[in-house]
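First up is the structure itself, then whatever we jot down about it.
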Amino acid sequence: MRFHRQKYRRRSPLALMMALVGMLPFHANAQTKATPPSDAQVQARVSSLLKQMTLTEKIGQLNQLGAGFGMGGAQTDDTIRKGGAGSILWVNGAEALNRMQRIAIEKSRLHIPLIYGLDVIHGYNTIFPIPLGLASSWDTNLITQVQAVAAKEARADGIHWTFSPMVDIARDPRWGRIMEGAGEDPYLGAAIAKAQVRGFQGPYIGAPDHLLACVKHFAGYGAADGGRDYDSSYIPESQLWNVYLEPFRAAAEAGAGSFMSAYMDLNDVPATGNRFLLQDVLRKAWGFKGFVVSDAFSVQGMITHGFAANPADAAYRAITAGLNMDMASQTYLQNLEGLVKQKRISEAQIEAAVRPILEMKIRLGLFEHPYADVTKIAKIANAPEHRKLARIAAQRTVVLLKNTKNILPLSKEGSVAVIGPLANSSADMTSFWAGQAAYKENVTFLQGIKNKLGASAQVDYAQGVQITRTIPSFFDAIMQRKPVEKWSKAQEEEEYAQALELAKRSDRVVMVLGELASMSGELGSQSNIELPGNQQRLLEDIASLDKPLVLIVVSGRPINITWASEHVSAIMAVWHPGTEGGNGIADVLVGEINPSGKLPVTWPRHAGQIPTYYAHNLTHQPETDKGFTSRYWDDSSFPLYPFGYGLSYTTFTYSNLKVQKSTVKVGEPVTVQVDIANTGRYVGAEVAQLYIHQRSGSASRPVRQLKGFKRVILKAGAKQTLTFKLGKDELKYWSSAERNWVNEAGSFDVWVGGDSNAKLHTEFKVVP
Ligand code: NOJ
């Protein structure tokens, strides 16, 4: 394997590591000089404001108006002037925001500033990999830094509040919005949720250059029936507490200032009017003190659900369930006053809903600094250090799924054919949520490979096939895609033939296949997960040429690459990797960076296996038994790649797994140690993962559960001892039998390794 060994040998060990990890440009969480006001100061200010406010003005604070997608204009301005809007969404650009803010500050009676919200999901100007890609890094420090940069750019452009992080657990890749979250696992999901809240909000709410975070979609959205977006979720209590709520709990614990209710029915009660979620869980169990905004139009949507009888009833159910702010539907604005007059709700209830909204405005410093400096964004948008971080993030999201015949890393000599509909498509480097960024900034895969190899190798490109959504969506239409003319039959054949020709005359082929960015995300659910269009055929034809072939999979979800896994020598999943994606992926292709991504979600063989997730319960006849087993009898029941899986150009060996005490008392922590060695020839990063299994309990326990992970960087030949702690939190679970959290006595298995199939095993006992 040529892996620039010379280059690494000449460097110091520290430089080697820096080369691998990339020097991180700055400390996202650096404490700033400003300090937050005390709770008492904030509450006193809120109380004095409330005293001056009329009922109409209070209700205004609960109203968030859309001012994009054709909304906004004179009527909106008028509502702001009357104190009828507490917040605006779907607008960006400091000047536009300042204009409306000026109305609130100068023309409304109490001069209360608007809070501007926007979906800053994976970057603002500089776009980072999609969240599922970021999650593949398992690198929480990186994720914090990424979201701090996103916050910095957005705040400079006048945004105060991001509708992020999205922490929905998703176990169904047909669901388009799987791309917005951190995958299937509650432990990983919780760690990433915290990391994002820290990144967006900084050390405290109101820290300079940061945003208020909004944790969404509370809760259960990822479990939509059949993976159809917005469809009902039916989640049993045990799964709710142990799986779906866990990342939300972590985000609340990390201090997130706001939550967003989800669109769907959870066990027949819409999340927006769900008292159990908004009161019992969020406020009573977790002590959340911030505010909850609905999803767009979801207060009004409760009528369509067959839950609320009419708009007044919808407003009543939402406010009494604990929903503070109505996003876009104006149902609160039009109905709350009437409900107070009819004495169905009290003014005190309205005040309680307004309180945390005013509190956040105070904490964010909006009363003192309502306007954005219009010159600021141009100075920092796409700043070199932001692009550098975007490149590092892209590198770390690469999950190397297969690498045989020493195909990778690619040597810098010899011609390369770059083929596929996603190879040179700047729009598909990012996602729908990158709407405000300039796609022209995006470095495509072709450009990245040319930047890297152009001087030493012939790099040519052919698109080969064209892909389009089967059914276009509203979002598809508003993405900044140039209208693409559909190829004629003759052109289709010609482009296809050209791609084959190019592959034939080149020494190596890199195929970039997968999905358009518009095929995942909201309105991006699919009934199957096949490679769209003619891509599979092109792949098979090119593979039959027997050239060294690398498949780069670009997607917002796991897709069916089962054929490729058997016939293509090297495969890497790169998701939609962001502005610097092309450069970052090229760094990995040639081995200047060793891939270290791990799957945050199980990769099924095909849609027929969905849902498939590693932390399932064992049946009485698991597939590992012979005979009457629970399995598919027409195919394997095992996924193509397991959760946590990802290869490196080097190898890691785990040994010496031990627990400090083999028997502990209930509640006592268990310390686990393991040695990890880089047994290959190159420096590399590995995510060591610890899984446990409780062999018996008051309820059946999953076959394995992630309960610890550490990303370590090791030079070739280096060895390190890792220590994990399994405390009360790691060993507890919500038992459907007890209908409560339990820490039980029993026997536990422990595995540590590089994925959820880790073999190295030890055990311990918990006694009463
Ligand atoms: C609807 C989406 O479900 C949500 O994620 C988003 O934050 C809001 N629209 C606002 O754009």
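Naming scheme: A, B, ... for chains in displayed order of the structure tokens; residues 1 onward per chain; ligands 1 onward as shown.
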
Find the residues near range 577-582 of chain A: any atom within 6 Å, counting only C-alpha atoms, skip ones fewer than 2 places away on the same chain, and give them as a ChimeraX atom specification.
-> /A:127-129,390-391,394,429-430,442-445,448,575,584-585

With N, CA, C and O atoms retained, write the just-selected residues as a PDB file, in the first residue's frame.
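What ended up in again-v8.pdb:
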ATOM      1  N   ILE A 127     -20.999  25.397   4.688  1.00  0.00           N
ATOM      2  CA  ILE A 127     -21.877  24.265   4.978  1.00  0.00           C
ATOM      3  C   ILE A 127     -21.033  23.031   5.316  1.00  0.00           C
ATOM      4  O   ILE A 127     -20.091  22.677   4.610  1.00  0.00           O
ATOM      5  N   PHE A 128     -21.405  22.417   6.399  1.00  0.00           N
ATOM      6  CA  PHE A 128     -20.719  21.232   6.911  1.00  0.00           C
ATOM      7  C   PHE A 128     -21.472  19.990   6.425  1.00  0.00           C
ATOM      8  O   PHE A 128     -22.562  20.093   5.865  1.00  0.00           O
ATOM      9  N   PRO A 129     -20.921  18.803   6.659  1.00  0.00           N
ATOM     10  CA  PRO A 129     -21.668  17.604   6.266  1.00  0.00           C
ATOM     11  C   PRO A 129     -23.051  17.578   6.925  1.00  0.00           C
ATOM     12  O   PRO A 129     -23.248  18.161   7.996  1.00  0.00           O
ATOM     13  N   ALA A 390     -14.676  22.882   7.838  1.00  0.00           N
ATOM     14  CA  ALA A 390     -15.606  22.126   6.981  1.00  0.00           C
ATOM     15  C   ALA A 390     -14.867  20.978   6.294  1.00  0.00           C
ATOM     16  O   ALA A 390     -15.419  19.885   6.115  1.00  0.00           O
ATOM     17  N   ARG A 391     -13.628  21.226   5.918  1.00  0.00           N
ATOM     18  CA  ARG A 391     -12.843  20.171   5.254  1.00  0.00           C
ATOM     19  C   ARG A 391     -12.515  19.040   6.238  1.00  0.00           C
ATOM     20  O   ARG A 391     -12.644  17.865   5.924  1.00  0.00           O
ATOM     21  N   ALA A 394     -15.635  17.062   6.766  1.00  0.00           N
ATOM     22  CA  ALA A 394     -15.901  16.163   5.635  1.00  0.00           C
ATOM     23  C   ALA A 394     -14.999  14.928   5.718  1.00  0.00           C
ATOM     24  O   ALA A 394     -15.453  13.796   5.533  1.00  0.00           O
ATOM     25  N   MET A 429     -23.837  18.595  -2.836  1.00  0.00           N
ATOM     26  CA  MET A 429     -22.812  18.512  -1.789  1.00  0.00           C
ATOM     27  C   MET A 429     -23.424  18.874  -0.439  1.00  0.00           C
ATOM     28  O   MET A 429     -22.888  18.554   0.594  1.00  0.00           O
ATOM     29  N   THR A 430     -24.541  19.625  -0.485  1.00  0.00           N
ATOM     30  CA  THR A 430     -25.128  20.083   0.778  1.00  0.00           C
ATOM     31  C   THR A 430     -26.557  19.547   0.882  1.00  0.00           C
ATOM     32  O   THR A 430     -26.793  18.433   0.467  1.00  0.00           O
ATOM     33  N   ASN A 442     -19.491  25.455  -3.226  1.00  0.00           N
ATOM     34  CA  ASN A 442     -19.278  24.036  -2.940  1.00  0.00           C
ATOM     35  C   ASN A 442     -18.227  23.416  -3.854  1.00  0.00           C
ATOM     36  O   ASN A 442     -18.290  23.563  -5.070  1.00  0.00           O
ATOM     37  N   VAL A 443     -17.302  22.708  -3.239  1.00  0.00           N
ATOM     38  CA  VAL A 443     -16.275  22.003  -4.012  1.00  0.00           C
ATOM     39  C   VAL A 443     -16.812  20.610  -4.294  1.00  0.00           C
ATOM     40  O   VAL A 443     -17.048  19.832  -3.369  1.00  0.00           O
ATOM     41  N   THR A 444     -17.024  20.297  -5.563  1.00  0.00           N
ATOM     42  CA  THR A 444     -17.591  18.992  -5.895  1.00  0.00           C
ATOM     43  C   THR A 444     -16.511  17.908  -5.764  1.00  0.00           C
ATOM     44  O   THR A 444     -15.320  18.211  -5.622  1.00  0.00           O
ATOM     45  N   PHE A 445     -16.946  16.674  -5.877  1.00  0.00           N
ATOM     46  CA  PHE A 445     -15.981  15.562  -5.806  1.00  0.00           C
ATOM     47  C   PHE A 445     -14.982  15.666  -6.954  1.00  0.00           C
ATOM     48  O   PHE A 445     -13.782  15.482  -6.770  1.00  0.00           O
ATOM     49  N   GLY A 448     -12.538  18.378  -6.221  1.00  0.00           N
ATOM     50  CA  GLY A 448     -11.630  17.952  -5.156  1.00  0.00           C
ATOM     51  C   GLY A 448     -10.578  16.988  -5.675  1.00  0.00           C
ATOM     52  O   GLY A 448      -9.391  17.102  -5.336  1.00  0.00           O
ATOM     53  N   TRP A 575     -22.089  10.612   2.580  1.00  0.00           N
ATOM     54  CA  TRP A 575     -23.283  11.430   2.856  1.00  0.00           C
ATOM     55  C   TRP A 575     -23.301  12.634   1.915  1.00  0.00           C
ATOM     56  O   TRP A 575     -22.790  12.537   0.804  1.00  0.00           O
ATOM     57  N   GLY A 584     -12.249  17.420   1.065  1.00  0.00           N
ATOM     58  CA  GLY A 584     -12.102  16.519   2.217  1.00  0.00           C
ATOM     59  C   GLY A 584     -12.093  15.066   1.787  1.00  0.00           C
ATOM     60  O   GLY A 584     -11.292  14.256   2.281  1.00  0.00           O
ATOM     61  N   ILE A 585     -12.973  14.728   0.854  1.00  0.00           N
ATOM     62  CA  ILE A 585     -13.055  13.326   0.423  1.00  0.00           C
ATOM     63  C   ILE A 585     -11.807  12.953  -0.397  1.00  0.00           C
ATOM     64  O   ILE A 585     -11.277  11.855  -0.283  1.00  0.00           O
TER      65      ILE A 585
END

Please give me, as a PyMOL selection string, the residues lying within 6 Å of ligand 1 when counting only C-alpha atoms and all ligand atoms.
-> chain A and resi 119+163+295-296

Write the selection just made, keeping C-alpha atoms, as a PDB file, in the first residue's frame?
ATOM      1  CA  ASP A 119     -33.124  26.384  10.377  1.00  0.00           C
ATOM      2  CA  PHE A 163     -34.256  25.214  14.914  1.00  0.00           C
ATOM      3  CA  ASP A 295     -43.579  23.003  14.347  1.00  0.00           C
ATOM      4  CA  ALA A 296     -44.802  25.088  11.436  1.00  0.00           C
TER       5      ALA A 296
END

So which one's closest to Ile103 in chain A, A:Asp675, A:Ala381, A:Ala352, A:Pro370? Using only C-alpha atoms, please.
->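 Selected residue with least distance to Ile103 in chain A: A:Pro370.
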
Could you pull out the helix (DSSP H, G or I) residues of range 136-242 of chain A from DSSP and send them as an MDAnalysis selection string?
-> chainID A and resid 136 140:156 176:180 186:201 221:223 225:227 237:242

By how many Å are CA of Phe724 in chain A and CA of Ile192 in chain A apart?
-> 18.0 Å
